[in-house]
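J.: Next comes coords-v1.txt, compact mmCIF, C-alpha atoms (C1' of nucleotides):
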```txt
# COMPACT_ATOMS: atom_id res chain seq x y z
CA MET A 1 0.00 0.00 0.00
CA LEU A 2 2.67 2.49 0.97
CA PRO A 3 5.72 2.79 -1.23
CA GLY A 4 9.42 2.61 -0.71
CA PRO A 5 10.64 2.49 2.80
CA PHE A 6 7.60 4.22 4.26
CA HIS A 7 5.79 0.95 4.81
CA LEU A 8 8.30 0.32 7.60
CA LEU A 9 6.88 3.12 9.70
CA PRO A 10 4.58 2.33 12.59
CA SER A 11 0.94 2.62 11.66
CA SER A 12 0.61 5.43 14.17
CA ALA A 13 2.62 7.54 11.72
CA LEU A 14 0.07 7.06 8.98
CA ALA A 15 -3.39 8.39 8.31
CA ARG A 16 -5.45 7.22 5.37
CA ARG A 17 -8.11 9.61 4.10
CA LEU A 18 -10.70 9.67 1.37
CA VAL A 19 -11.29 13.25 0.27
CA ASP A 20 -13.70 14.93 -2.11
CA ARG A 21 -12.82 16.81 -5.22
CA GLY A 22 -11.82 20.33 -4.24
CA THR A 23 -10.65 19.46 -0.76
CA VAL A 24 -7.65 21.52 0.30
CA VAL A 25 -5.53 18.93 2.04
CA ALA A 26 -2.88 21.40 3.12
CA ARG A 27 -2.45 25.08 2.62
CA ARG A 28 0.57 27.20 1.88
CA ASP A 29 2.21 28.49 5.08
CA ASP A 30 0.45 25.85 7.14
CA ARG A 31 2.83 24.19 9.53
CA ALA A 32 4.24 21.20 7.64
CA ASP A 33 3.71 18.07 9.67
CA ALA A 34 3.21 15.40 7.03
CA ILE A 35 4.14 14.30 3.56
CA PHE A 36 1.57 12.60 1.36
CA PHE A 37 1.18 9.52 -0.73
CA LEU A 38 -1.43 9.60 -3.47
CA GLU A 39 -3.07 6.22 -3.67
CA ALA A 40 -5.87 6.98 -6.12
CA GLY A 41 -7.44 10.08 -7.60
CA GLY A 42 -5.60 13.30 -8.34
CA ILE A 43 -3.81 16.06 -6.48
CA ASP A 44 -2.66 19.46 -7.66
CA LEU A 45 0.04 21.44 -5.95
CA VAL A 46 -0.97 25.04 -6.48
CA ARG A 47 0.50 28.43 -5.84
CA TYR A 48 -1.01 31.88 -6.43
CA THR A 49 0.64 35.01 -7.72
CA GLY A 50 0.09 38.39 -6.14
CA SER A 51 -2.43 39.21 -8.83
CA GLY A 52 -4.36 36.04 -8.14
CA ASP A 53 -3.22 33.93 -11.03
CA GLU A 54 -3.12 30.26 -10.21
CA ILE A 55 0.06 28.35 -11.01
CA VAL A 56 -0.11 24.59 -10.87
CA ILE A 57 3.31 23.55 -9.57
CA HIS A 58 2.63 19.89 -10.06
CA ARG A 59 -0.24 17.63 -11.06
CA ALA A 60 0.37 14.39 -9.21
CA LEU A 61 -0.59 10.93 -10.40
CA PRO A 62 -1.48 7.92 -8.26
CA GLY A 63 1.58 6.24 -6.82
CA GLU A 64 3.49 9.43 -6.16
CA THR A 65 4.65 10.81 -2.87
CA LEU A 66 4.11 14.54 -2.51
CA CYS A 67 5.68 17.41 -0.64
CA GLU A 68 8.85 15.51 0.16
CA ALA A 69 10.56 18.86 0.72
CA ALA A 70 8.15 19.50 3.61
CA LEU A 71 10.31 17.11 5.59
CA PHE A 72 12.93 19.82 5.72
CA SER A 73 10.75 22.88 5.84
CA SER A 74 8.59 24.25 8.64
CA PHE A 75 5.77 25.22 6.31
CA TYR A 76 4.18 24.00 3.13
CA HIS A 77 5.07 26.19 0.22
CA CYS A 78 2.01 25.52 -1.86
CA ASP A 79 -1.62 24.43 -1.59
CA VAL A 80 -2.41 20.74 -1.90
CA VAL A 81 -5.78 20.30 -3.58
CA ALA A 82 -7.70 17.20 -4.64
CA THR A 83 -8.84 17.44 -8.26
CA GLU A 84 -11.21 14.49 -7.90
CA ILE A 85 -12.26 11.97 -5.32
CA THR A 86 -8.95 10.96 -3.87
CA GLN A 87 -7.54 8.33 -1.58
CA LEU A 88 -4.45 9.59 0.11
CA ASN A 89 -2.13 8.79 2.97
CA SER A 90 -0.57 11.29 5.30
CA ILE A 91 2.84 10.21 6.52
CA ASN A 92 3.86 11.93 9.70
CA LYS A 93 6.90 14.07 9.15
CA ALA A 94 8.33 13.78 12.67
CA ALA A 95 8.07 10.01 12.49
CA VAL A 96 9.93 9.93 9.21
CA LEU A 97 12.70 12.18 10.48
CA GLU A 98 12.98 10.24 13.72
CA GLN A 99 13.23 6.96 11.84
CA MET A 100 15.83 8.41 9.49
CA ARG A 101 17.90 9.53 12.45
CA SER A 102 17.74 6.26 14.30
CA ASP A 103 17.94 3.86 11.40
CA PRO A 104 20.60 4.50 8.76
CA ASP A 105 19.13 1.86 6.49
CA PHE A 106 15.84 3.65 6.52
CA ALA A 107 17.57 6.96 5.78
CA LEU A 108 19.42 5.37 2.89
CA ALA A 109 16.21 3.89 1.56
CA VAL A 110 14.53 7.28 1.64
CA SER A 111 17.43 8.77 -0.26
CA GLU A 112 17.25 5.94 -2.73
CA ARG A 113 13.61 6.59 -3.39
CA PHE A 114 14.31 10.29 -3.81
CA ALA A 115 17.23 9.66 -6.16
CA GLY A 116 14.99 7.49 -8.31
CA GLN A 117 12.38 10.23 -8.49
CA ILE A 118 14.99 12.76 -9.55
CA GLN A 119 16.02 10.53 -12.44
CA ASP A 120 12.43 9.90 -13.45
CA GLY A 121 11.73 13.60 -13.55
CA ARG A 122 14.84 14.35 -15.54
CA ARG A 123 14.01 11.72 -18.12
CA ARG A 124 10.59 13.21 -18.58
CA LEU A 125 12.04 16.72 -18.81
CA GLU A 126 14.42 15.68 -21.51
CA ILE A 127 11.63 14.03 -23.45
CA LEU A 128 9.45 17.13 -23.16
CA ALA A 129 12.34 19.14 -24.56
CA ILE A 130 12.19 17.22 -27.84
CA ARG A 131 10.18 19.35 -30.22
CA GLU A 132 9.27 17.06 -33.07
CA ALA A 133 6.32 14.86 -32.17
CA ARG A 134 7.68 11.71 -33.83
CA ALA A 135 11.02 11.98 -32.09
CA ARG A 136 9.33 12.74 -28.79
CA VAL A 137 7.04 9.75 -29.01
CA PHE A 138 9.89 7.49 -30.09
CA ALA A 139 12.01 8.55 -27.13
CA ALA A 140 9.08 8.03 -24.80
CA ILE A 141 8.54 4.50 -26.07
CA ALA A 142 12.27 3.77 -25.82
CA GLU A 143 12.12 4.96 -22.22
CA GLY A 144 9.23 2.67 -21.47
CA PHE A 145 6.65 5.42 -20.89
CA LEU A 146 3.87 3.50 -22.61
CA ARG A 147 2.61 1.62 -19.59
CA SER A 148 -1.15 1.82 -19.82
CA ASP A 149 -2.97 3.52 -22.66
CA ILE A 150 -1.92 5.95 -25.30
CA LYS A 151 -3.95 8.85 -23.99
CA SER A 152 -2.06 8.66 -20.71
CA LEU A 153 1.18 8.53 -22.61
CA ALA A 154 0.11 11.59 -24.59
CA SER A 155 -0.57 13.66 -21.52
CA LEU A 156 2.63 12.42 -19.88
CA ILE A 157 4.73 13.69 -22.78
CA GLY A 158 2.75 16.85 -23.45
CA LEU A 159 1.21 16.02 -26.81
CA SER A 160 -2.40 15.83 -27.91
CA HIS A 161 -3.54 12.24 -28.16
CA GLU A 162 -4.19 12.70 -31.86
CA ALA A 163 -0.62 13.81 -32.45
CA THR A 164 0.56 10.84 -30.44
CA TYR A 165 -1.54 8.36 -32.45
CA ARG A 166 -0.28 9.85 -35.66
CA ALA A 167 3.35 9.75 -34.57
CA LEU A 168 3.00 6.13 -33.47
CA SER A 169 1.36 5.19 -36.72
CA SER A 170 4.04 6.94 -38.72
CA LEU A 171 6.87 5.38 -36.69
CA ALA A 172 5.35 1.94 -37.19
CA LYS A 173 4.97 2.56 -40.92
CA SER A 174 8.63 3.54 -41.23
CA GLY A 175 9.74 0.52 -39.22
CA ARG A 176 11.18 2.46 -36.29
CA LEU A 177 8.56 0.85 -34.05
CA ILE A 178 6.73 -2.44 -34.22
CA LYS A 179 3.01 -2.41 -33.67
CA THR A 180 2.18 -5.47 -31.62
CA GLY A 181 -1.54 -4.84 -31.32
CA ARG A 182 -4.17 -2.22 -30.89
CA GLY A 183 -2.53 0.48 -28.82
CA GLN A 184 0.63 -1.56 -28.32
CA TYR A 185 4.08 -0.83 -29.68
CA ARG A 186 7.64 -1.88 -28.98
CA LEU A 187 11.16 -1.19 -30.24
CA PRO A 188 12.41 -3.33 -33.12
CA GLY A 189 15.45 -4.69 -31.29
CA GLN A 190 13.42 -5.81 -28.35
CA ALA A 191 11.87 -9.18 -27.65
CA ALA A 192 8.10 -9.26 -27.90
CA ASP A 193 6.43 -8.93 -24.54
CA SER A 194 5.86 -12.48 -23.44
CA GLY A 195 2.59 -11.67 -21.85
CA LYS A 196 1.52 -10.28 -18.45
CA MET B 197 32.85 24.52 -4.71
CA LEU B 198 30.91 21.37 -3.90
CA PRO B 199 27.24 21.72 -3.19
CA GLY B 200 24.93 20.58 -0.50
CA PRO B 201 26.32 18.39 2.17
CA PHE B 202 29.01 16.93 -0.05
CA HIS B 203 31.51 19.58 0.93
CA LEU B 204 31.66 17.80 4.31
CA LEU B 205 33.31 14.76 2.79
CA PRO B 206 37.06 14.26 3.19
CA SER B 207 39.00 15.48 0.20
CA SER B 208 40.14 11.92 -0.39
CA ALA B 209 36.58 11.21 -1.51
CA LEU B 210 36.77 13.79 -4.26
CA ALA B 211 38.50 13.98 -7.61
CA ARG B 212 38.42 17.07 -9.76
CA ARG B 213 38.89 16.60 -13.49
CA LEU B 214 39.00 18.77 -16.56
CA VAL B 215 37.79 16.77 -19.54
CA ASP B 216 37.56 17.44 -23.26
CA ARG B 217 34.46 17.58 -25.33
CA GLY B 218 33.43 14.06 -26.23
CA THR B 219 35.03 12.40 -23.24
CA VAL B 220 33.00 9.48 -21.96
CA VAL B 221 33.26 9.97 -18.22
CA ALA B 222 31.38 6.79 -17.40
CA ARG B 223 29.79 4.13 -19.49
CA ARG B 224 26.60 2.20 -19.11
CA ASP B 225 27.15 -1.05 -17.20
CA ASP B 226 30.43 0.22 -15.79
CA ARG B 227 30.68 -0.46 -12.10
CA ALA B 228 29.22 2.63 -10.40
CA ASP B 229 31.73 3.99 -7.94
CA ALA B 230 31.10 7.73 -8.02
CA ILE B 231 28.48 10.37 -8.51
CA PHE B 232 29.37 13.59 -10.29
CA PHE B 233 29.12 17.30 -9.80
CA LEU B 234 29.23 19.47 -12.90
CA GLU B 235 31.18 22.60 -12.13
CA ALA B 236 31.43 24.09 -15.61
CA GLY B 237 30.79 22.92 -19.14
CA GLY B 238 28.15 20.43 -20.16
CA ILE B 239 27.34 16.77 -19.67
CA ASP B 240 24.84 14.55 -21.46
CA LEU B 241 23.47 11.37 -20.01
CA VAL B 242 22.89 9.15 -23.01
CA ARG B 243 21.34 5.80 -23.69
CA TYR B 244 21.07 3.83 -26.92
CA THR B 245 18.17 1.81 -28.24
CA GLY B 246 18.60 -1.64 -29.76
CA SER B 247 18.47 -0.09 -33.21
CA GLY B 248 21.22 2.37 -32.35
CA ASP B 249 19.15 5.49 -31.81
CA GLU B 250 20.64 7.81 -29.26
CA ILE B 251 18.37 8.99 -26.47
CA VAL B 252 19.60 11.87 -24.36
CA ILE B 253 18.26 11.11 -20.90
CA HIS B 254 19.39 14.38 -19.47
CA ARG B 255 21.42 17.38 -20.51
CA ALA B 256 23.02 18.67 -17.35
CA LEU B 257 23.84 22.27 -16.55
CA PRO B 258 26.65 23.58 -14.35
CA GLY B 259 25.78 23.32 -10.67
CA GLU B 260 24.00 20.00 -10.94
CA THR B 261 24.89 16.73 -9.36
CA LEU B 262 24.52 13.75 -11.67
CA CYS B 263 23.86 10.04 -11.38
CA GLU B 264 22.58 10.29 -7.83
CA ALA B 265 20.84 6.96 -8.39
CA ALA B 266 24.25 5.37 -8.89
CA LEU B 267 24.61 5.53 -5.12
CA PHE B 268 22.10 2.72 -4.92
CA SER B 269 22.94 0.79 -8.04
CA SER B 270 25.95 -1.38 -8.85
CA PHE B 271 26.23 -0.09 -12.38
CA TYR B 272 25.64 3.11 -14.28
CA HIS B 273 22.56 2.88 -16.42
CA CYS B 274 23.60 5.38 -19.06
CA ASP B 275 26.67 6.90 -20.66
CA VAL B 276 28.02 10.13 -19.20
CA VAL B 277 29.49 12.26 -21.95
CA ALA B 278 31.03 15.73 -21.94
CA THR B 279 29.46 17.95 -24.60
CA GLU B 280 32.17 20.59 -24.27
CA ILE B 281 35.27 21.26 -22.21
CA THR B 282 34.05 20.42 -18.78
CA GLN B 283 35.19 20.79 -15.21
CA LEU B 284 33.70 18.09 -13.08
CA ASN B 285 34.06 16.49 -9.69
CA SER B 286 33.77 12.82 -8.95
CA ILE B 287 32.37 12.13 -5.52
CA ASN B 288 33.25 8.69 -4.27
CA LYS B 289 30.16 6.62 -3.81
CA ALA B 290 31.45 4.44 -0.98
CA ALA B 291 32.49 7.53 0.95
CA VAL B 292 29.05 9.06 0.59
CA LEU B 293 27.30 5.89 1.70
CA GLU B 294 29.69 5.44 4.61
CA GLN B 295 29.15 9.02 5.74
CA MET B 296 25.39 8.61 5.43
CA ARG B 297 25.52 5.50 7.58
CA SER B 298 27.67 7.01 10.29
CA ASP B 299 26.24 10.51 10.36
CA PRO B 300 22.46 10.88 10.43
CA ASP B 301 22.71 14.62 9.89
CA PHE B 302 24.65 14.02 6.72
CA ALA B 303 22.10 11.47 5.57
CA LEU B 304 19.30 13.91 6.25
CA ALA B 305 21.12 16.64 4.39
CA VAL B 306 21.53 14.39 1.37
CA SER B 307 17.82 13.61 1.46
CA GLU B 308 17.07 17.29 1.77
CA ARG B 309 19.11 18.09 -1.30
CA PHE B 310 17.39 15.30 -3.20
CA ALA B 311 13.94 16.44 -2.09
CA GLY B 312 14.70 19.93 -3.34
CA GLN B 313 15.78 18.57 -6.70
CA ILE B 314 12.59 16.58 -7.01
CA GLN B 315 10.51 19.71 -6.46
CA ASP B 316 12.60 21.73 -8.90
CA GLY B 317 12.17 19.13 -11.57
CA ARG B 318 8.44 18.87 -11.01
CA ARG B 319 7.97 22.61 -11.26
CA ARG B 320 9.82 22.67 -14.55
CA LEU B 321 7.81 19.71 -15.82
CA GLU B 322 4.56 21.42 -15.03
CA ILE B 323 5.70 24.58 -16.78
CA LEU B 324 6.78 22.64 -19.87
CA ALA B 325 3.32 21.09 -19.93
CA ILE B 326 1.71 24.49 -20.48
CA ARG B 327 1.08 24.79 -24.19
CA GLU B 328 0.44 28.47 -24.81
CA ALA B 329 3.66 30.45 -24.91
CA ARG B 330 2.29 33.45 -23.00
CA ALA B 331 0.97 31.30 -20.18
CA ARG B 332 4.16 29.28 -20.06
CA VAL B 333 6.35 32.35 -19.82
CA PHE B 334 4.10 33.91 -17.22
CA ALA B 335 4.26 30.81 -15.05
CA ALA B 336 8.02 30.69 -15.44
CA ILE B 337 8.37 34.30 -14.31
CA ALA B 338 6.01 33.67 -11.40
CA GLU B 339 8.18 30.73 -10.42
CA GLY B 340 11.30 32.88 -10.52
CA PHE B 341 12.91 31.15 -13.48
CA LEU B 342 14.22 34.40 -14.94
CA ARG B 343 17.54 34.48 -13.14
CA SER B 344 20.05 35.53 -15.73
CA ASP B 345 19.14 36.35 -19.29
CA ILE B 346 16.11 35.67 -21.40
CA LYS B 347 17.78 33.27 -23.78
CA SER B 348 18.61 31.00 -20.85
CA LEU B 349 15.04 31.29 -19.66
CA ALA B 350 13.85 30.37 -23.14
CA SER B 351 15.88 27.20 -23.28
CA LEU B 352 14.91 26.32 -19.72
CA ILE B 353 11.23 26.42 -20.60
CA GLY B 354 11.54 24.93 -24.06
CA LEU B 355 10.61 27.92 -26.20
CA SER B 356 12.55 29.71 -28.90
CA HIS B 357 13.99 32.94 -27.59
CA GLU B 358 11.93 34.89 -30.09
CA ALA B 359 8.72 33.36 -28.80
CA THR B 360 9.86 34.15 -25.28
CA TYR B 361 10.61 37.80 -26.10
CA ARG B 362 7.25 38.15 -27.78
CA ALA B 363 5.40 36.60 -24.90
CA LEU B 364 7.16 38.83 -22.40
CA SER B 365 6.44 41.88 -24.49
CA SER B 366 2.79 40.93 -24.84
CA LEU B 367 2.42 40.16 -21.13
CA ALA B 368 3.95 43.52 -20.28
CA LYS B 369 1.64 45.28 -22.72
CA SER B 370 -1.41 43.68 -21.16
CA GLY B 371 -0.24 44.53 -17.65
CA ARG B 372 0.21 40.96 -16.47
CA LEU B 373 3.92 41.65 -16.04
CA ILE B 374 5.87 44.80 -15.33
CA LYS B 375 8.91 45.50 -17.41
CA THR B 376 11.53 46.92 -15.09
CA GLY B 377 14.24 47.32 -17.67
CA ARG B 378 15.86 45.78 -20.69
CA GLY B 379 15.42 42.06 -20.24
CA GLN B 380 13.92 42.46 -16.78
CA TYR B 381 10.40 41.69 -15.72
CA ARG B 382 8.51 41.12 -12.50
CA LEU B 383 5.00 40.31 -11.31
CA PRO B 384 2.68 43.26 -10.67
CA GLY B 385 1.99 42.43 -7.05
CA GLN B 386 5.61 42.18 -6.19
CA ALA B 387 7.97 44.81 -4.80
CA ALA B 388 10.56 46.07 -7.25
CA ASP B 389 13.93 44.47 -6.79
CA SER B 390 15.70 46.81 -4.39
CA GLY B 391 19.00 46.83 -6.11
CA LYS B 392 22.21 44.83 -6.24
C1' DG C 393 -26.35 -11.02 -28.14
C1' DT C 394 -26.64 -6.16 -28.31
C1' DC C 395 -25.92 -1.69 -26.36
C1' DT C 396 -22.95 1.81 -24.61
C1' DC C 397 -18.95 4.06 -23.81
C1' DG C 398 -14.31 4.98 -24.23
C1' DA C 399 -9.89 4.08 -26.67
C1' DT C 400 -7.95 3.91 -31.06
C1' DA C 401 -7.39 5.88 -35.42
C1' DT C 402 -7.29 9.17 -39.21
C1' DG C 403 -9.00 13.26 -42.13
C1' DA C 404 -9.57 18.50 -42.59
C1' DT C 405 -8.70 22.96 -40.94
C1' DT C 406 -6.74 26.40 -38.07
C1' DT C 407 -3.63 28.26 -34.99
C1' DC C 408 0.43 29.40 -33.03
C1' DA C 409 5.21 28.87 -32.30
C1' DA C 410 9.54 27.95 -35.07
C1' DT C 411 12.27 29.88 -38.24
C1' DC C 412 14.44 33.35 -40.97
C1' DA C 413 15.47 38.14 -41.20
C1' DT C 414 16.74 42.56 -39.53
C1' DA C 415 17.29 46.35 -36.37
C1' DT C 416 18.55 48.25 -31.96
C1' DT C 417 20.64 48.45 -27.54
C1' DC C 418 24.00 47.28 -24.30
C1' DT C 419 28.64 45.51 -22.65
C1' DG C 420 33.10 44.84 -22.79
C1' DT C 421 37.65 45.66 -24.82
C1' DG C 422 41.57 47.83 -26.93
C1' DC D 423 35.87 56.63 -28.10
C1' DA D 424 35.09 53.29 -31.53
C1' DC D 425 34.34 48.80 -32.50
C1' DA D 426 32.79 43.92 -32.03
C1' DG D 427 29.76 40.85 -30.40
C1' DA D 428 25.92 39.41 -27.91
C1' DA D 429 21.34 40.13 -25.96
C1' DT D 430 17.12 42.25 -26.79
C1' DA D 431 13.41 43.09 -29.74
C1' DT D 432 10.13 42.72 -33.53
C1' DG D 433 8.48 41.69 -38.47
C1' DA D 434 7.31 38.07 -42.13
C1' DT D 435 6.73 33.42 -43.50
C1' DT D 436 6.34 28.61 -42.82
C1' DG D 437 5.38 24.40 -40.82
C1' DA D 438 3.88 21.29 -37.54
C1' DA D 439 0.87 20.29 -33.94
C1' DA D 440 -3.71 21.58 -31.88
C1' DT D 441 -8.24 21.35 -32.71
C1' DC D 442 -12.48 19.81 -34.63
C1' DA D 443 -14.73 16.07 -36.82
C1' DT D 444 -15.83 11.42 -37.77
C1' DA D 445 -15.29 6.46 -37.98
C1' DT D 446 -14.04 1.95 -36.13
C1' DC D 447 -12.90 -1.22 -32.65
C1' DG D 448 -13.18 -3.54 -28.08
C1' DA D 449 -14.45 -4.30 -23.39
C1' DG D 450 -17.89 -4.49 -20.17
C1' DA D 451 -22.90 -4.17 -18.69
C1' DC D 452 -27.22 -6.20 -18.87
```
Here is the file; what I need is its structure written in the form of structure tokens.
T.:
Amino acid sequence: MLPGPFHLLPSSALARRLVDRGTVVARRDDRADAIFFLEAGGIDLVRYTGSGDEIVIHRALPGETLCEAALFSSFYHCDVVATEITQLNSINKAAVLEQMRSDPDFALAVSERFAGQIQDGRRRLEILAIREARARVFAAIAEGFLRSDIKSLASLIGLSHEATYRALSSLAKSGRLIKTGRGQYRLPGQAADSGK
Amino acid sequence: MLPGPFHLLPSSALARRLVDRGTVVARRDDRADAIFFLEAGGIDLVRYTGSGDEIVIHRALPGETLCEAALFSSFYHCDVVATEITQLNSINKAAVLEQMRSDPDFALAVSERFAGQIQDGRRRLEILAIREARARVFAAIAEGFLRSDIKSLASLIGLSHEATYRALSSLAKSGRLIKTGRGQYRLPGQAADSGK
DNA sequence: GTCTCGATATGATTTCAATCATATTCTGTG
DNA sequence: CACAGAATATGATTGAAATCATATCGAGAC
């Protein structure tokens, strides 16, 4: 249920909540006493400019931990808002820090999780930096970003789903990708997915 | 010279190198024994597909640490290549892990640095996901991405510099930004920068 | 089995940013 | 100071992706 090393924490450090769309889970400048794990639903991290414009800092997907930096900050630096019905876990910040202090393996595991997230983010950034749709989609497939459906892939890599379909179709036609089924593609060099 | 908590490491854990353009600093599947800090120049993290296509996983800028995940992996998972004359530091992996094990404060500081990098990356991702150039530039300014010049900003947010200039100009014209000088802009709500 | 809904797929049109071009302003250097 | 070079700035044109539209396919409900 909880990812990474956080499942090792005592259950007293955890609080599981089901919240409605629109719920503000935490507010900027609130005292930061927890980080979050998004189990299902959607969460936006939002900040507001002086003139009231809303800036979405991050649109989280299920499976992500959120507000990791709150571990090292006294206050949240943005609003945490549910964009739909959302199942989320609060992970007590003091408990995490205490465990990290007393258990080096735990601290290392937290760092490991964080390091992995840095790499994930950088890979996505580099893919978003590719301008041509075909090249972008190809890189995304090569990086294994096509996990569920193509529409999710499209939003992950910042293209319209139509552009993504077209790029996939064109890549398959030119032999740079192999179409293995409706909505399924793989690299030429790569063994066919042997199922499940 | 070294960032974050890494300056606390004994100098025996560090190696400073000046490398030429094209130098392969580390290769995929090499035994991972160091992480890197890019002092000046440029580094690409590169992977290759089965059919030989090159995928740039990440194009690093000076001031970044690289291959943090190598701390927790036996091998590098991509090539590390200098794209120009580059000054870089190797930080011994074993030394970092040892220090993290023996010094909880150090381990926490490493996690803190990592957490900050996660947030930075996510903010940039969210900004890159904004399609309209005006809105993208506005969000970038609101997030304080205009640190040096506008061309750097442009490449940071994945726009041509012309599009960036135009967006800035248009935002200033419509009052959503205040132009405080040649190549300088700020949000309306915000106090003018008091000098330096 | 059939109905519905959403994902996949592709065609037609429009829009907007990339690109190419050119001018101006500033900075640094001899 | 004059000059070179780079950043800033904006105009004109082009091209590629967004958008709008429509069709097919597949999975699940009943």
J.: Measuring between all atoms listed in the file, which one of A:Ile130, A:Leu177, A:Leu168, A:Ala163 shows the shortest distance to chain D?
T.: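 Ranking A:Ile130, A:Leu177, A:Leu168, A:Ala163 by distance to chain D, first place goes to A:Ala163.
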J.: Give as an mmCIF file with C-alpha atoms (C1' of nucleotides), in the frame of the given file every residue, naming chains and numbers as the document does, that has an atom within 10 Å of (-0.3, 21.8, -37.7), counting only C-alpha atoms (C1' of nucleotides).
T.:
```
data_model
loop_
_atom_site.group_PDB
_atom_site.id
_atom_site.type_symbol
_atom_site.label_atom_id
_atom_site.label_comp_id
_atom_site.auth_asym_id
_atom_site.auth_seq_id
_atom_site.Cartn_x
_atom_site.Cartn_y
_atom_site.Cartn_z
ATOM 1 C CA ALA A 163 -0.620 13.810 -32.450
ATOM 2 C "C1'" DT C 405 -8.700 22.960 -40.940
ATOM 3 C "C1'" DT C 406 -6.740 26.400 -38.070
ATOM 4 C "C1'" DT C 407 -3.630 28.260 -34.990
ATOM 5 C "C1'" DC C 408 0.430 29.400 -33.030
ATOM 6 C "C1'" DG D 437 5.380 24.400 -40.820
ATOM 7 C "C1'" DA D 438 3.880 21.290 -37.540
ATOM 8 C "C1'" DA D 439 0.870 20.290 -33.940
ATOM 9 C "C1'" DA D 440 -3.710 21.580 -31.880
ATOM 10 C "C1'" DT D 441 -8.240 21.350 -32.710
#
```
J.: Give me, please, the distance in Å between CA of Ala115 (chain A) and CA of Ala265 (chain B), quoted to one decimal.
T.: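 It comes out at 5.0 Å.
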J.: Specify as an mmCIF file with C-alpha atoms, in the frame of the given file all residues of chain B found within 10 Å of chain D, counting only C-alpha atoms (C1' of nucleotides).
T.:
```
data_model
loop_
_atom_site.group_PDB
_atom_site.id
_atom_site.type_symbol
_atom_site.label_atom_id
_atom_site.label_comp_id
_atom_site.auth_asym_id
_atom_site.auth_seq_id
_atom_site.Cartn_x
_atom_site.Cartn_y
_atom_site.Cartn_z
ATOM 1 C CA ARG B 327 1.080 24.790 -24.190
ATOM 2 C CA ASP B 345 19.140 36.350 -19.290
ATOM 3 C CA ILE B 346 16.110 35.670 -21.400
ATOM 4 C CA LYS B 347 17.780 33.270 -23.780
ATOM 5 C CA HIS B 357 13.990 32.940 -27.590
ATOM 6 C CA GLU B 358 11.930 34.890 -30.090
ATOM 7 C CA TYR B 361 10.610 37.800 -26.100
ATOM 8 C CA ARG B 362 7.250 38.150 -27.780
ATOM 9 C CA SER B 365 6.440 41.880 -24.490
ATOM 10 C CA ARG B 378 15.860 45.780 -20.690
ATOM 11 C CA GLY B 379 15.420 42.060 -20.240
#
```
J.: Can you tell me how far CA of Ile157 (chain A) sits from CA of Leu352 (chain B), in Å to one decimal?
T.: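 Calculated distance between CA of Ile157 (chain A) and CA of Leu352 (chain B) is 16.5 Å.
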J.: Could you give me, as a list in words, the residues within 12 Å of Ala95 (chain A), counting only C-alpha atoms (C1' of nucleotides) and dropping anything in the same chain fewer than 5 positions from it?
T.: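 Contacts, in chain order: Phe6, Leu8, Leu9, Pro10, Ser11, Ser12, Ala13, Leu14, Asp33, Ala34, Ile35, Leu71, Ser90, Met100, Arg101, Ser102, Asp103 and Phe106 of chain A.
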J.: As a ChimeraX atom specification, could you give me every residue of chain B near chain A (at most 9 Å apart, counting all atoms listed in the file)?
T.: /B:244-247,250-255,263-268,293,296-301,303-315,317-327,335,338-339,351,353-354,372,383-386
J.: Just the number, please: distance in Å from CA of Lys289 (chain B) to CA of Glu235 (chain B), one decimal.
T.: 18.0 Å
J.: Could the residues of chain C within 12 Å of chain B, counting all atoms listed in the file, be given as a list in words, please?
T.: DT407, DC408, DA409, DA410, DT411, DC412, DT416, DT417 and DC418 of chain C
J.: So which residues touch Arg217 (chain B) within 6 Å, counting only C-alpha atoms (C1' of nucleotides), skipping near sequence neighbours fewer than 2 positions away, as a list in words?
T.: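 Final neighbour list, sorted by chain and number: Thr219, Ala278, Thr279, Glu280 and Ile281 of chain B.
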